[in-house]
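Here is the structure we will look at, set down as structure tokens.
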Amino acid sequence: MPWSTPFDEPIALPNGKTLVRLKDAADYITKLSKAEHDAPEWQAAMEALILVAESGGPTMVARIGILRALNRHVERAFDPSRKAHHWGKRKLARDR
């Protein structure tokens, strides 16, 4: 699979640009600062990108790696108010 292969969906960057092809993502990663470039998330994203480009894997793998690296500083918060609780008795067919 060549480096000119497009992602399934473009990746939006914080600066407003988008990554459309595998080559765009590789160029973006190589232009990062040394400290950012050496972060474990970016190392994993580069591995996934190379694996997809050279072995012909699914582009979604590289996309996920890049998105995880881009969002590594975002804190995940659980919002318990989003889902209703089902504290009632289970209703199984055998209990009818």
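Residues in the structure tokens are numbered from 1 in each chain, the chains being A, B, ... in the order shown, and ligands are numbered from 1 in the order shown.
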Selection near Leu19 in chain A, 10 Å with only C-alpha atoms, sequence-local residues under 2 positions removed, as a count of residues only: 18
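If you count only C-alpha atoms and ignore residues fewer than 6 places along the chain from Ile50 in chain A, what sits within 10 Å of it is Trp3, Leu22, Ala26, Ala44, Gly56, Gly57 and Ala62 of chain A.
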Backbone DSSP call of helix (DSSP H, G or I) for chain A, listed as an MDAnalysis selection string: chainID A and resid 22:30 34:37 40:55 59:70 80:82 93:95
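Residue nearest Arg72 in chain A, chosen from A:Glu47, A:Glu41, A:Glu36, A:Asp8 and counting only C-alpha atoms: A:Glu41.
Interatomic distance, CA of Pro2 in chain A to CA of Ala35 in chain A: 28.7 Å.
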Nearest to His37 in chain A, chosen from A:Leu51, A:Leu70, A:Asn15, A:Thr59, with only C-alpha atoms counted in the distances: A:Leu70
